[in-house]
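Enquirer: Sharing input.tsv below, TSV, C-alpha atoms:
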chain	number	residue	atom	x	y	z
A	1	MET	CA	-30.98	213.60	34.49
A	2	PRO	CA	-29.37	216.16	36.82
A	3	TYR	CA	-27.48	219.12	35.38
A	4	SER	CA	-25.78	222.10	36.98
A	5	SER	CA	-24.86	225.31	35.15
A	6	VAL	CA	-21.16	226.19	35.18
A	7	ARG	CA	-20.13	229.24	33.13
A	8	GLY	CA	-23.30	228.96	31.09
A	9	VAL	CA	-22.77	225.27	30.27
A	10	GLU	CA	-25.13	222.67	31.68
A	11	HIS	CA	-22.84	220.07	33.25
A	12	TYR	CA	-24.17	216.56	33.60
A	13	TYR	CA	-23.50	214.94	36.96
A	14	GLN	CA	-24.72	211.94	38.90
A	15	TRP	CA	-24.49	210.57	42.41
A	16	ILE	CA	-23.75	206.92	43.05
A	17	THR	CA	-24.47	205.95	46.64
A	18	GLN	CA	-25.63	202.94	48.63
A	19	SER	CA	-29.07	204.37	49.22
A	20	GLN	CA	-31.07	207.59	49.32
A	21	LEU	CA	-33.16	207.94	46.16
A	22	ASN	CA	-35.23	211.03	45.37
A	23	ALA	CA	-38.70	211.00	43.83
A	24	SER	CA	-37.22	210.60	40.35
A	25	GLY	CA	-35.22	207.56	41.37
A	26	GLU	CA	-31.92	209.48	41.36
A	27	HIS	CA	-29.35	209.11	44.10
A	28	TYR	CA	-28.28	211.97	46.33
A	29	PRO	CA	-25.56	212.20	49.01
A	30	THR	CA	-26.03	210.35	52.29
A	31	GLY	CA	-23.46	212.19	54.39
A	32	LYS	CA	-20.44	209.99	53.73
A	33	PRO	CA	-17.14	211.48	52.51
A	34	ILE	CA	-17.37	212.46	48.85
A	35	LEU	CA	-15.26	210.87	46.12
A	36	VAL	CA	-15.26	212.74	42.80
A	37	PHE	CA	-14.35	210.96	39.56
A	38	VAL	CA	-12.91	212.76	36.52
A	39	HIS	CA	-12.83	211.03	33.13
A	40	GLY	CA	-10.28	211.37	30.34
A	41	TRP	CA	-10.21	212.77	26.82
A	42	ALA	CA	-13.27	212.09	24.63
A	43	GLY	CA	-14.82	209.90	27.33
A	44	SER	CA	-17.56	210.36	29.89
A	45	ALA	CA	-18.35	209.49	33.47
A	46	ARG	CA	-19.93	206.24	32.28
A	47	TYR	CA	-16.69	204.27	32.48
A	48	TRP	CA	-16.25	205.16	36.15
A	49	GLU	CA	-19.64	203.81	37.24
A	50	SER	CA	-18.56	200.27	38.15
A	51	THR	CA	-15.62	201.57	40.19
A	52	ALA	CA	-17.84	204.06	41.98
A	53	ILE	CA	-20.45	201.42	42.81
A	54	ALA	CA	-17.75	199.27	44.41
A	55	LEU	CA	-16.67	202.16	46.66
A	56	THR	CA	-20.08	203.23	47.97
A	57	HIS	CA	-19.46	201.36	51.23
A	58	GLU	CA	-17.16	204.23	52.17
A	59	PHE	CA	-18.05	207.14	49.88
A	60	ASP	CA	-20.84	209.04	48.23
A	61	CYS	CA	-19.50	209.09	44.68
A	62	LEU	CA	-19.95	212.08	42.38
A	63	LEU	CA	-19.42	211.58	38.65
A	64	TYR	CA	-19.66	214.29	36.00
A	65	ASP	CA	-18.96	214.86	32.32
A	66	LEU	CA	-16.32	217.43	31.39
A	67	ARG	CA	-17.36	220.44	29.33
A	68	GLY	CA	-17.87	219.40	25.72
A	69	PHE	CA	-17.80	215.67	26.41
A	70	GLY	CA	-20.38	213.01	27.16
A	71	ARG	CA	-23.68	214.54	28.20
A	72	THR	CA	-22.23	217.98	28.94
A	73	ARG	CA	-23.00	219.56	25.60
A	74	LEU	CA	-21.75	223.00	24.62
A	75	PRO	CA	-24.34	225.63	23.74
A	76	LYS	CA	-24.49	226.98	20.19
A	77	SER	CA	-23.04	230.26	21.45
A	78	PRO	CA	-20.53	229.38	24.19
A	79	HIS	CA	-19.50	231.93	26.79
A	80	ARG	CA	-16.82	234.16	25.29
A	81	ASP	CA	-14.43	233.51	28.18
A	82	LEU	CA	-14.47	229.73	27.74
A	83	ASP	CA	-11.30	228.05	26.57
A	84	TYR	CA	-9.91	224.53	26.59
A	85	GLU	CA	-6.95	225.03	28.89
A	86	LEU	CA	-6.64	222.28	31.47
A	87	HIS	CA	-6.57	224.76	34.35
A	88	THR	CA	-9.92	226.14	33.13
A	89	TYR	CA	-11.37	222.64	33.38
A	90	ALA	CA	-9.94	222.46	36.92
A	91	ASP	CA	-11.78	225.69	37.72
A	92	ASP	CA	-14.95	224.20	36.19
A	93	LEU	CA	-14.78	221.45	38.80
A	94	ALA	CA	-14.40	223.98	41.61
A	95	LEU	CA	-17.43	225.89	40.35
A	96	LEU	CA	-19.45	222.68	40.04
A	97	LEU	CA	-18.62	221.79	43.63
A	98	ASP	CA	-19.64	225.29	44.69
A	99	THR	CA	-23.04	224.96	43.02
A	100	LEU	CA	-23.56	221.60	44.72
A	101	GLY	CA	-22.47	222.93	48.12
A	102	ILE	CA	-19.46	220.61	48.42
A	103	ASN	CA	-16.35	221.74	50.27
A	104	GLN	CA	-14.14	218.68	50.85
A	105	ILE	CA	-13.51	215.81	48.47
A	106	THR	CA	-11.29	212.90	47.62
A	107	ILE	CA	-10.63	212.71	43.88
A	108	ASN	CA	-9.96	209.89	41.42
A	109	ALA	CA	-9.08	211.03	37.91
A	110	HIS	CA	-7.91	209.29	34.75
A	111	SER	CA	-5.59	210.19	31.86
A	112	THR	CA	-6.18	213.79	30.69
A	113	GLY	CA	-8.66	214.07	33.55
A	114	ALA	CA	-5.79	213.28	35.92
A	115	SER	CA	-3.81	216.20	34.48
A	116	ILE	CA	-6.84	218.39	35.18
A	117	ALA	CA	-6.97	216.92	38.69
A	118	VAL	CA	-3.30	217.72	39.38
A	119	LEU	CA	-4.00	221.36	38.54
A	120	PHE	CA	-7.09	221.24	40.77
A	121	LEU	CA	-5.03	219.84	43.66
A	122	ASN	CA	-2.62	222.75	43.49
A	123	ARG	CA	-5.19	225.48	42.84
A	124	TYR	CA	-7.58	224.26	45.55
A	125	PRO	CA	-5.49	222.22	48.01
A	126	HIS	CA	-7.81	223.08	50.90
A	127	ARG	CA	-10.64	221.19	49.18
A	128	VAL	CA	-8.92	217.81	48.70
A	129	ASN	CA	-8.12	215.20	51.34
A	130	ARG	CA	-6.50	212.60	49.10
A	131	ALA	CA	-6.07	212.01	45.40
A	132	ILE	CA	-5.85	209.04	43.07
A	133	LEU	CA	-4.37	209.61	39.63
A	134	THR	CA	-4.86	206.80	37.15
A	135	CYS	CA	-2.70	206.53	34.01
A	136	ASN	CA	-0.92	209.84	34.08
A	137	GLY	CA	2.63	211.16	34.09
A	138	ILE	CA	5.05	213.65	32.58
A	139	PHE	CA	6.58	213.70	29.12
A	140	PRO	CA	9.43	215.57	27.43
A	141	TYR	CA	8.73	218.21	24.81
A	142	ASP	CA	9.33	216.91	21.29
A	143	PRO	CA	8.29	219.49	18.64
A	144	LYS	CA	8.17	217.03	15.73
A	145	ALA	CA	6.30	214.36	17.66
A	146	PHE	CA	3.83	216.88	19.09
A	147	SER	CA	3.20	218.40	15.66
A	148	ALA	CA	2.56	214.97	14.17
A	149	PHE	CA	0.27	214.06	17.05
A	150	HIS	CA	-1.75	217.26	16.64
A	151	LYS	CA	-2.07	216.68	12.88
A	152	PHE	CA	-3.18	213.08	13.36
A	153	GLY	CA	-5.51	214.09	16.19
A	154	GLY	CA	-7.10	216.68	13.95
A	155	TYR	CA	-7.85	214.05	11.32
A	156	VAL	CA	-9.28	211.68	13.92
A	157	VAL	CA	-11.58	214.33	15.41
A	158	LYS	CA	-12.80	215.58	12.03
A	159	PHE	CA	-13.53	212.10	10.68
A	160	ARG	CA	-16.10	210.70	13.10
A	161	PRO	CA	-19.08	209.48	11.08
A	162	HIS	CA	-21.83	208.01	13.20
A	163	TRP	CA	-22.29	205.19	10.71
A	164	LEU	CA	-19.23	203.63	12.34
A	165	LEU	CA	-21.60	202.35	15.02
A	166	SER	CA	-23.32	200.16	12.43
A	167	ILE	CA	-20.14	198.20	11.61
A	168	PRO	CA	-20.05	194.90	13.52
A	169	PHE	CA	-17.40	194.79	16.25
A	170	VAL	CA	-15.90	198.14	15.23
A	171	GLU	CA	-15.65	199.01	18.93
A	172	ARG	CA	-13.04	196.27	19.35
A	173	LEU	CA	-10.89	197.84	16.66
A	174	PHE	CA	-11.40	201.29	18.19
A	175	MET	CA	-10.34	200.14	21.67
A	176	ALA	CA	-7.49	197.82	20.64
A	177	ARG	CA	-4.72	200.34	21.35
A	178	PHE	CA	-6.14	201.26	24.75
A	179	LEU	CA	-6.52	197.79	26.22
A	180	HIS	CA	-4.23	194.92	27.15
A	181	GLN	CA	-7.00	192.76	28.60
A	182	PRO	CA	-10.50	192.59	27.11
A	183	ILE	CA	-13.44	194.37	28.67
A	184	PRO	CA	-17.15	193.74	27.95
A	185	LEU	CA	-18.21	194.67	24.42
A	186	SER	CA	-20.90	196.96	25.85
A	187	GLN	CA	-18.25	199.04	27.62
A	188	GLN	CA	-16.18	199.22	24.44
A	189	ARG	CA	-19.21	200.46	22.57
A	190	ASN	CA	-19.80	203.13	25.21
A	191	PHE	CA	-16.29	204.44	24.58
A	192	LEU	CA	-16.91	204.65	20.85
A	193	GLU	CA	-20.24	206.40	21.39
A	194	ASP	CA	-18.64	208.94	23.73
A	195	PHE	CA	-15.85	209.59	21.22
A	196	LEU	CA	-18.33	210.18	18.41
A	197	MET	CA	-20.46	212.61	20.44
A	198	ALA	CA	-17.56	214.72	21.78
A	199	ASP	CA	-17.71	218.37	20.73
A	200	ASP	CA	-15.24	219.16	17.93
A	201	ASN	CA	-13.83	222.28	19.57
A	202	ALA	CA	-13.48	220.65	22.98
A	203	ALA	CA	-11.87	217.52	21.55
A	204	LEU	CA	-9.36	219.47	19.47
A	205	GLY	CA	-8.79	222.16	22.09
A	206	THR	CA	-7.88	219.67	24.81
A	207	ILE	CA	-5.53	217.80	22.45
A	208	TYR	CA	-3.64	221.02	21.86
A	209	THR	CA	-3.46	221.97	25.54
A	210	ALA	CA	-2.82	218.53	27.07
A	211	VAL	CA	-0.05	217.64	24.60
A	212	SER	CA	1.84	220.89	24.32
A	213	GLN	CA	5.12	222.57	25.11
A	214	ARG	CA	3.45	224.38	27.98
A	215	ALA	CA	2.15	221.14	29.50
A	216	ALA	CA	5.53	219.42	29.10
A	217	GLU	CA	7.26	222.30	30.84
A	218	THR	CA	4.75	223.03	33.62
A	219	MET	CA	3.37	219.63	34.64
A	220	PRO	CA	6.61	218.47	36.32
A	221	GLN	CA	6.39	221.52	38.58
A	222	GLU	CA	2.72	220.81	39.24
A	223	PHE	CA	3.54	217.28	40.37
A	224	THR	CA	6.26	218.67	42.63
A	225	GLN	CA	3.75	220.95	44.36
A	226	ILE	CA	1.14	218.31	45.29
A	227	SER	CA	0.72	218.57	49.04
A	228	MET	CA	-1.80	215.87	49.89
A	229	PRO	CA	-1.44	212.05	49.93
A	230	THR	CA	-1.68	210.88	46.33
A	231	LEU	CA	-1.70	207.48	44.68
A	232	LEU	CA	-0.57	207.23	41.05
A	233	VAL	CA	-1.63	203.99	39.32
A	234	CYS	CA	-0.34	203.06	35.87
A	235	GLY	CA	-1.08	200.13	33.59
A	236	GLU	CA	1.95	197.98	32.83
A	237	TYR	CA	1.24	197.90	29.08
A	238	ASP	CA	-0.31	201.34	28.69
A	239	GLN	CA	0.50	202.55	25.16
A	240	ILE	CA	-1.08	205.98	25.69
A	241	ILE	CA	0.84	207.05	28.80
A	242	PRO	CA	3.64	204.50	29.30
A	243	THR	CA	4.51	203.47	32.83
A	244	PRO	CA	7.92	205.26	32.90
A	245	MET	CA	6.11	208.58	32.51
A	246	GLY	CA	4.14	207.84	35.67
A	247	GLN	CA	7.25	206.73	37.54
A	248	GLN	CA	9.01	209.97	36.60
A	249	ALA	CA	6.10	212.01	37.93
A	250	ALA	CA	5.98	210.07	41.20
A	251	ASN	CA	9.73	210.46	41.69
A	252	LEU	CA	9.27	214.23	41.88
A	253	ASN	CA	7.25	214.20	45.08
A	254	PRO	CA	7.44	212.04	48.24
A	255	ASN	CA	3.71	212.56	48.77
A	256	ILE	CA	3.00	210.38	45.72
A	257	GLN	CA	2.79	206.62	46.02
A	258	PHE	CA	3.36	204.81	42.74
A	259	GLN	CA	1.81	201.49	41.75
A	260	VAL	CA	1.89	199.54	38.49
A	261	LEU	CA	-1.07	197.31	37.74
A	262	THR	CA	0.36	194.38	35.80
A	263	LYS	CA	-1.20	192.99	32.64
A	264	THR	CA	-3.32	196.09	32.02
A	265	GLY	CA	-3.30	198.94	29.53
A	266	HIS	CA	-4.84	202.41	29.65
A	267	PHE	CA	-7.97	201.37	31.58
A	268	PRO	CA	-6.73	199.29	34.53
A	269	MET	CA	-9.91	199.99	36.50
A	270	LEU	CA	-11.87	198.05	33.86
A	271	GLU	CA	-9.25	195.52	32.74
A	272	ASP	CA	-8.50	194.25	36.25
A	273	PRO	CA	-11.11	195.84	38.53
A	274	GLU	CA	-10.48	193.51	41.47
A	275	THR	CA	-6.78	194.37	41.78
A	276	TYR	CA	-7.43	198.05	41.04
A	277	LEU	CA	-9.99	198.24	43.83
A	278	GLN	CA	-7.60	196.50	46.22
A	279	LEU	CA	-5.02	199.22	45.53
A	280	ILE	CA	-7.59	201.95	46.00
A	281	ASP	CA	-9.00	200.46	49.19
A	282	SER	CA	-5.53	199.99	50.66
A	283	PHE	CA	-4.57	203.58	49.91
A	284	LEU	CA	-7.80	205.07	51.21
A	285	SER	CA	-8.09	202.95	54.35
A	286	HIS	CA	-4.54	203.18	55.71
A	287	GLN	CA	-3.03	206.04	57.61
A	288	TYR	CA	-0.74	207.76	55.16
A	289	GLN	CA	2.54	209.28	56.26
A	290	LEU	CA	3.66	212.28	54.20
A	291	GLY	CA	6.98	211.63	52.52
A	292	SER	CA	6.41	207.87	52.13
A	293	ASN	CA	6.80	207.56	48.37
A	294	GLY	CA	6.47	203.92	47.42
Here is a file; write its structure as C-alpha coordinates.
Expert:
Amino acid sequence: MPYSSVRGVEHYYQWITQSQLNASGEHYPTGKPILVFVHGWAGSARYWESTAIALTHEFDCLLYDLRGFGRTRLPKSPHRDLDYELHTYADDLALLLDTLGINQITINAHSTGASIAVLFLNRYPHRVNRAILTCNGIFPYDPKAFSAFHKFGGYVVKFRPHWLLSIPFVERLFMARFLHQPIPLSQQRNFLEDFLMADDNAALGTIYTAVSQRAAETMPQEFTQISMPTLLVCGEYDQIIPTPMGQQAANLNPNIQFQVLTKTGHFPMLEDPETYLQLIDSFLSHQYQLGSNG
(Lines of atoms letter the chains of each structure in order from A and count residues from 1; the text may use other names and numbers.)
(Lines give C-alpha, C1' and ligand atoms only; values in the text may rest on other atoms or scores of the structure.)
Protein backbone atom coordinates (compact mmCIF):
# COMPACT_ATOMS: atom_id res chain seq x y z
CA MET A 1 0.00 0.00 0.00
CA PRO A 2 1.33 3.49 -0.83
CA TYR A 3 2.37 5.83 1.97
CA SER A 4 3.89 9.30 1.97
CA SER A 5 5.67 10.90 4.93
CA VAL A 6 4.15 14.15 6.19
CA ARG A 7 5.71 15.64 9.33
CA GLY A 8 7.16 12.27 10.23
CA VAL A 9 3.83 10.44 9.89
CA GLU A 10 3.35 7.91 7.12
CA HIS A 11 0.09 8.95 5.45
CA TYR A 12 -1.84 6.29 3.61
CA TYR A 13 -3.15 7.35 0.21
CA GLN A 14 -4.57 5.69 -2.87
CA TRP A 15 -5.39 6.60 -6.44
CA ILE A 16 -8.65 5.55 -8.04
CA THR A 17 -8.59 5.99 -11.80
CA GLN A 18 -10.04 4.39 -14.90
CA SER A 19 -6.77 2.77 -15.88
CA GLN A 20 -3.01 2.95 -15.44
CA LEU A 21 -1.84 0.26 -13.02
CA ASN A 22 1.75 -0.05 -11.84
CA ALA A 23 3.64 -3.31 -11.38
CA SER A 24 2.04 -3.83 -7.97
CA GLY A 25 -1.45 -3.46 -9.36
CA GLU A 26 -1.91 0.01 -7.84
CA HIS A 27 -3.43 2.88 -9.75
CA TYR A 28 -1.56 6.07 -10.53
CA PRO A 29 -2.71 9.34 -12.15
CA THR A 30 -3.52 9.39 -15.85
CA GLY A 31 -3.37 13.13 -16.45
CA LYS A 32 -7.00 14.00 -15.79
CA PRO A 33 -7.94 16.76 -13.30
CA ILE A 34 -7.44 15.58 -9.73
CA LEU A 35 -10.28 15.24 -7.22
CA VAL A 36 -9.17 14.83 -3.60
CA PHE A 37 -11.49 13.27 -1.02
CA VAL A 38 -11.29 14.02 2.71
CA HIS A 39 -13.08 11.81 5.23
CA GLY A 40 -14.66 12.76 8.54
CA TRP A 41 -14.00 12.07 12.21
CA ALA A 42 -12.95 8.52 13.14
CA GLY A 43 -13.45 7.34 9.56
CA SER A 44 -11.14 6.57 6.67
CA ALA A 45 -10.95 7.00 2.92
CA ARG A 46 -12.71 3.65 2.50
CA TYR A 47 -16.19 5.16 2.53
CA TRP A 48 -15.33 7.46 -0.37
CA GLU A 49 -14.25 4.66 -2.71
CA SER A 50 -17.59 4.03 -4.42
CA THR A 51 -18.09 7.76 -5.05
CA ALA A 52 -14.58 8.10 -6.43
CA ILE A 53 -15.02 5.12 -8.76
CA ALA A 54 -18.16 6.71 -10.20
CA LEU A 55 -16.26 9.93 -10.99
CA THR A 56 -13.22 8.45 -12.73
CA HIS A 57 -14.70 9.30 -16.13
CA GLU A 58 -13.70 12.88 -15.41
CA PHE A 59 -11.12 12.77 -12.62
CA ASP A 60 -8.14 10.96 -11.23
CA CYS A 61 -9.30 10.54 -7.64
CA LEU A 62 -6.92 10.79 -4.70
CA LEU A 63 -8.06 9.39 -1.34
CA TYR A 64 -6.07 9.51 1.89
CA ASP A 65 -6.46 8.82 5.60
CA LEU A 66 -6.12 11.74 7.99
CA ARG A 67 -3.35 11.65 10.58
CA GLY A 68 -4.28 9.25 13.37
CA PHE A 69 -7.19 7.68 11.51
CA GLY A 70 -7.67 4.67 9.27
CA ARG A 71 -4.35 3.40 7.95
CA THR A 72 -2.42 6.56 8.82
CA ARG A 73 -1.08 5.42 12.15
CA LEU A 74 0.78 7.72 14.52
CA PRO A 75 4.32 6.75 15.50
CA LYS A 76 5.07 5.88 19.12
CA SER A 77 6.94 9.17 19.46
CA PRO A 78 5.05 11.73 17.35
CA HIS A 79 6.75 14.89 16.13
CA ARG A 80 6.73 17.43 18.94
CA ASP A 81 5.10 20.09 16.75
CA LEU A 82 2.09 17.94 15.88
CA ASP A 83 -1.28 18.99 17.23
CA TYR A 84 -4.89 18.24 16.41
CA GLU A 85 -6.01 21.68 15.28
CA LEU A 86 -8.09 21.55 12.12
CA HIS A 87 -5.83 24.07 10.36
CA THR A 88 -2.87 21.74 11.03
CA TYR A 89 -4.75 18.97 9.25
CA ALA A 90 -5.34 21.41 6.37
CA ASP A 91 -1.59 22.00 6.23
CA ASP A 92 -1.04 18.22 6.27
CA LEU A 93 -3.02 18.01 3.04
CA ALA A 94 -0.93 20.75 1.44
CA LEU A 95 2.26 18.92 2.41
CA LEU A 96 0.90 15.63 1.08
CA LEU A 97 0.10 17.28 -2.24
CA ASP A 98 3.61 18.74 -2.31
CA THR A 99 5.20 15.32 -1.82
CA LEU A 100 3.04 13.90 -4.61
CA GLY A 101 3.83 16.81 -6.95
CA ILE A 102 0.22 18.01 -7.19
CA ASN A 103 -0.55 21.69 -7.66
CA GLN A 104 -4.23 22.03 -8.61
CA ILE A 105 -7.15 20.05 -7.24
CA THR A 106 -10.88 19.88 -6.85
CA ILE A 107 -11.85 18.75 -3.35
CA ASN A 108 -14.77 16.80 -1.88
CA ALA A 109 -14.79 16.60 1.90
CA HIS A 110 -17.23 15.29 4.50
CA SER A 111 -18.24 16.31 8.03
CA THR A 112 -15.16 17.23 10.12
CA GLY A 113 -13.14 16.68 6.97
CA ALA A 114 -15.21 19.41 5.33
CA SER A 115 -14.25 21.81 8.13
CA ILE A 116 -10.62 20.94 7.42
CA ALA A 117 -11.31 21.53 3.72
CA VAL A 118 -12.80 24.99 4.35
CA LEU A 119 -9.60 25.98 6.12
CA PHE A 120 -7.58 24.51 3.24
CA LEU A 121 -9.60 26.53 0.72
CA ASN A 122 -8.76 29.77 2.48
CA ARG A 123 -5.13 28.97 3.29
CA TYR A 124 -4.35 27.65 -0.20
CA PRO A 125 -6.94 29.20 -2.55
CA HIS A 126 -4.55 29.08 -5.50
CA ARG A 127 -4.53 25.27 -5.33
CA VAL A 128 -8.29 24.63 -5.55
CA ASN A 129 -10.54 24.98 -8.60
CA ARG A 130 -13.83 23.95 -7.01
CA ALA A 131 -14.97 22.45 -3.74
CA ILE A 132 -17.72 20.14 -2.57
CA LEU A 133 -18.55 20.13 1.13
CA THR A 134 -20.76 17.30 2.32
CA CYS A 135 -22.63 17.49 5.64
CA ASN A 136 -21.07 20.56 7.16
CA GLY A 137 -22.15 23.92 8.53
CA ILE A 138 -21.81 26.40 11.37
CA PHE A 139 -23.08 26.16 14.92
CA PRO A 140 -23.51 28.57 17.84
CA TYR A 141 -21.30 28.31 20.90
CA ASP A 142 -23.08 26.66 23.81
CA PRO A 143 -20.72 26.11 26.78
CA LYS A 144 -22.92 23.56 28.57
CA ALA A 145 -23.69 21.57 25.43
CA PHE A 146 -20.05 21.59 24.32
CA SER A 147 -18.86 20.48 27.76
CA ALA A 148 -21.36 17.63 27.80
CA PHE A 149 -20.38 16.62 24.27
CA HIS A 150 -16.68 16.57 25.17
CA LYS A 151 -17.38 14.49 28.29
CA PHE A 152 -19.50 12.00 26.37
CA GLY A 153 -16.99 11.93 23.52
CA GLY A 154 -14.23 11.13 25.98
CA TYR A 155 -16.17 8.14 27.29
CA VAL A 156 -16.88 6.92 23.77
CA VAL A 157 -13.24 7.15 22.68
CA LYS A 158 -11.90 5.49 25.83
CA PHE A 159 -14.37 2.60 25.70
CA ARG A 160 -13.66 0.94 22.36
CA PRO A 161 -13.06 -2.77 22.98
CA HIS A 162 -12.34 -4.72 19.84
CA TRP A 163 -14.57 -7.54 21.03
CA LEU A 164 -17.46 -5.36 19.85
CA LEU A 165 -16.75 -6.70 16.37
CA SER A 166 -17.75 -10.18 17.53
CA ILE A 167 -21.30 -9.12 18.46
CA PRO A 168 -23.75 -9.97 15.66
CA PHE A 169 -25.11 -6.91 13.86
CA VAL A 170 -23.48 -4.48 16.30
CA GLU A 171 -22.53 -2.32 13.32
CA ARG A 172 -26.21 -1.59 12.72
CA LEU A 173 -26.56 -0.26 16.25
CA PHE A 174 -23.35 1.74 15.88
CA MET A 175 -24.50 3.39 12.63
CA ALA A 176 -28.16 3.93 13.56
CA ARG A 177 -27.76 7.59 14.49
CA PHE A 178 -25.78 8.39 11.35
CA LEU A 179 -28.14 6.93 8.76
CA HIS A 180 -31.68 7.57 7.57
CA GLN A 181 -31.57 4.98 4.80
CA PRO A 182 -29.76 1.63 5.16
CA ILE A 183 -26.41 0.97 3.55
CA PRO A 184 -24.76 -2.44 3.01
CA LEU A 185 -23.79 -4.22 6.22
CA SER A 186 -20.20 -4.48 4.98
CA GLN A 187 -19.94 -0.69 4.78
CA GLN A 188 -21.41 -0.34 8.26
CA ARG A 189 -18.82 -2.77 9.56
CA ASN A 190 -16.05 -0.75 7.90
CA PHE A 191 -17.20 2.31 9.84
CA LEU A 192 -17.08 0.41 13.12
CA GLU A 193 -13.63 -0.98 12.33
CA ASP A 194 -12.32 2.49 11.48
CA PHE A 195 -13.77 3.90 14.71
CA LEU A 196 -12.13 1.17 16.78
CA MET A 197 -8.70 1.65 15.19
CA ALA A 198 -8.61 5.47 15.45
CA ASP A 199 -5.75 6.79 17.57
CA ASP A 200 -6.93 7.91 21.03
CA ASN A 201 -5.12 11.24 20.96
CA ALA A 202 -6.23 12.08 17.43
CA ALA A 203 -9.84 11.10 18.11
CA LEU A 204 -10.04 13.13 21.31
CA GLY A 205 -7.96 16.02 19.99
CA THR A 206 -10.17 16.54 16.95
CA ILE A 207 -13.32 16.38 19.08
CA TYR A 208 -11.97 19.22 21.20
CA THR A 209 -10.92 21.36 18.23
CA ALA A 210 -13.85 20.71 15.87
CA VAL A 211 -16.50 21.32 18.55
CA SER A 212 -15.09 24.30 20.39
CA GLN A 213 -15.64 27.96 21.11
CA ARG A 214 -12.88 28.80 18.67
CA ALA A 215 -14.49 26.78 15.87
CA ALA A 216 -17.92 28.28 16.57
CA GLU A 217 -16.49 31.79 16.41
CA THR A 218 -14.09 31.40 13.47
CA MET A 219 -15.83 29.04 11.05
CA PRO A 220 -18.51 31.58 10.01
CA GLN A 221 -15.70 33.91 8.92
CA GLU A 222 -13.99 31.05 7.11
CA PHE A 223 -17.15 30.33 5.13
CA THR A 224 -17.42 34.02 4.27
CA GLN A 225 -13.91 34.00 2.79
CA ILE A 226 -14.32 31.07 0.38
CA SER A 227 -13.44 32.43 -3.04
CA MET A 228 -13.98 29.49 -5.38
CA PRO A 229 -17.20 27.83 -6.59
CA THR A 230 -18.40 25.57 -3.79
CA LEU A 231 -21.27 23.13 -3.43
CA LEU A 232 -22.55 22.35 0.07
CA VAL A 233 -24.68 19.18 0.27
CA CYS A 234 -26.58 18.26 3.43
CA GLY A 235 -28.71 15.26 4.32
CA GLU A 236 -32.33 16.13 5.11
CA TYR A 237 -32.38 14.02 8.28
CA ASP A 238 -28.77 14.45 9.37
CA GLN A 239 -28.70 14.23 13.17
CA ILE A 240 -24.98 15.02 13.42
CA ILE A 241 -24.94 18.29 11.47
CA PRO A 242 -28.57 19.30 10.91
CA THR A 243 -29.51 20.88 7.62
CA PRO A 244 -30.14 24.40 9.06
CA MET A 245 -26.47 24.57 10.03
CA GLY A 246 -25.51 24.01 6.40
CA GLN A 247 -28.04 26.55 5.17
CA GLN A 248 -26.65 29.16 7.57
CA ALA A 249 -23.13 28.56 6.27
CA ALA A 250 -24.22 28.81 2.63
CA ASN A 251 -26.11 32.04 3.32
CA LEU A 252 -22.83 33.70 4.28
CA ASN A 253 -21.28 33.48 0.83
CA PRO A 254 -22.74 33.81 -2.69
CA ASN A 255 -20.03 31.48 -3.99
CA ILE A 256 -21.67 28.59 -2.15
CA GLN A 257 -24.49 26.62 -3.73
CA PHE A 258 -26.64 24.77 -1.21
CA GLN A 259 -28.44 21.49 -1.83
CA VAL A 260 -30.41 19.22 0.49
CA LEU A 261 -30.48 15.53 -0.36
CA THR A 262 -33.88 14.30 0.80
CA LYS A 263 -34.40 11.13 2.78
CA THR A 264 -30.75 10.86 3.80
CA GLY A 265 -28.79 11.31 7.01
CA HIS A 266 -25.10 11.97 7.64
CA PHE A 267 -23.82 9.88 4.71
CA PRO A 268 -25.88 10.96 1.68
CA MET A 269 -23.19 9.73 -0.71
CA LEU A 270 -23.85 6.18 0.51
CA GLU A 271 -27.55 6.39 1.38
CA ASP A 272 -28.61 7.75 -2.02
CA PRO A 273 -25.53 7.54 -4.25
CA GLU A 274 -27.42 8.02 -7.52
CA THR A 275 -28.92 11.39 -6.53
CA TYR A 276 -25.70 12.47 -4.80
CA LEU A 277 -23.69 11.79 -7.95
CA GLN A 278 -26.24 13.69 -10.05
CA LEU A 279 -25.72 16.74 -7.83
CA ILE A 280 -21.95 16.39 -8.03
CA ASP A 281 -21.92 15.88 -11.79
CA SER A 282 -24.22 18.86 -12.35
CA PHE A 283 -22.03 21.11 -10.22
CA LEU A 284 -18.77 19.98 -11.77
CA SER A 285 -19.92 19.96 -15.39
CA HIS A 286 -21.71 23.31 -15.60
CA GLN A 287 -20.13 26.70 -15.96
CA TYR A 288 -20.43 28.30 -12.55
CA GLN A 289 -21.06 32.01 -12.17
CA LEU A 290 -19.60 33.54 -9.01
CA GLY A 291 -22.30 35.02 -6.82
CA SER A 292 -24.98 32.50 -7.87
CA ASN A 293 -25.88 31.09 -4.47
CA GLY A 294 -28.68 28.58 -4.91
Enquirer: Which is closer to Ile138 in chain A than all the others in A:Glu217, A:Asp81, A:Asp60, A:Asp92, using all atoms listed in the file?
Expert: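 Of all the options, A:Glu217 lies closest to Ile138 in chain A.
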Enquirer: When distances are computed from all atoms listed in the file, which of A:Phe174, A:Trp41, A:Tyr208, A:Tyr89 shows the smallest separation from Thr112 in chain A?
Expert: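 Selected residue with least distance to Thr112 in chain A: A:Trp41.
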Enquirer: Could you name the residues that touch Ile280 in chain A at 8 Å or less, counting only C-alpha atoms, but leaving out those on the same chain fewer than 4 positions away, as a ChimeraX atom specification?
Expert: /A:132,276,284
Enquirer: Given the point (-6.4, 214.6, 54.4) in the file's coordinates, find the residues that have an atom at most 8 Å from it, counting all atoms listed in the file, and give them as an NGL selection string.
Expert: :A and (128-130 or 228-229)
Enquirer: Extract, using all atoms listed in the file, all DNA, RNA and protein residues at most 10 Å from Leu252 in chain A, discarding same-chain residues fewer than 5 positions from it, and format them as a list in words.
Expert: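 Counting all atoms listed in the file, the residues come to Pro220, Gln221, Glu222, Phe223, Thr224, Gln225, Ile226, Gln247 and Asn293 of chain A.
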Enquirer: Which residue is closest to Ile241 in chain A? Choose from A:Leu35, A:Leu277, A:Cys135, A:Met175 and count only C-alpha atoms.
Expert: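 Closest residue, counting only C-alpha atoms: A:Cys135.
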Enquirer: Please put the answer as lines of an AutoDock Vina configuration file: centre and edge lengths, in Å with one decimal, of a box along x, y and z that encloses all listed atoms of range 171-176 of chain A plus 4 Å on each side.
Expert:
center_x = -11.6
center_y = 198.8
center_z = 19.2
size_x = 16.2
size_y = 13.0
size_z = 13.0
Enquirer: Provide the CA of Leu55 in chain A to CA of Asn103 in chain A distance in Å, to one decimal place.
Expert: 19.9 Å
Enquirer: Suppose you want the space between CA of Ala215 in chain A and CA of Asn253 in chain A; what is it in Å?
Expert: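 For CA of Ala215 in chain A relative to CA of Asn253 in chain A, the distance reads 17.8 Å.
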Enquirer: Report the distance between CA of Ile167 in chain A and CA of Gly235 in chain A in Å, rounded to one decimal place.
Expert: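 That distance, rounded to one decimal, is 29.2 Å.
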Enquirer: Pick out the residues sitting within 12 Å of Leu100 in chain A, and hand them over as a PyMOL selection string; count all atoms listed in the file, and ignore anything fewer than 4 positions along from it in its own chain.
Expert: chain A and resi 2-6+11+13-15+28-29+34+62+93-96+104
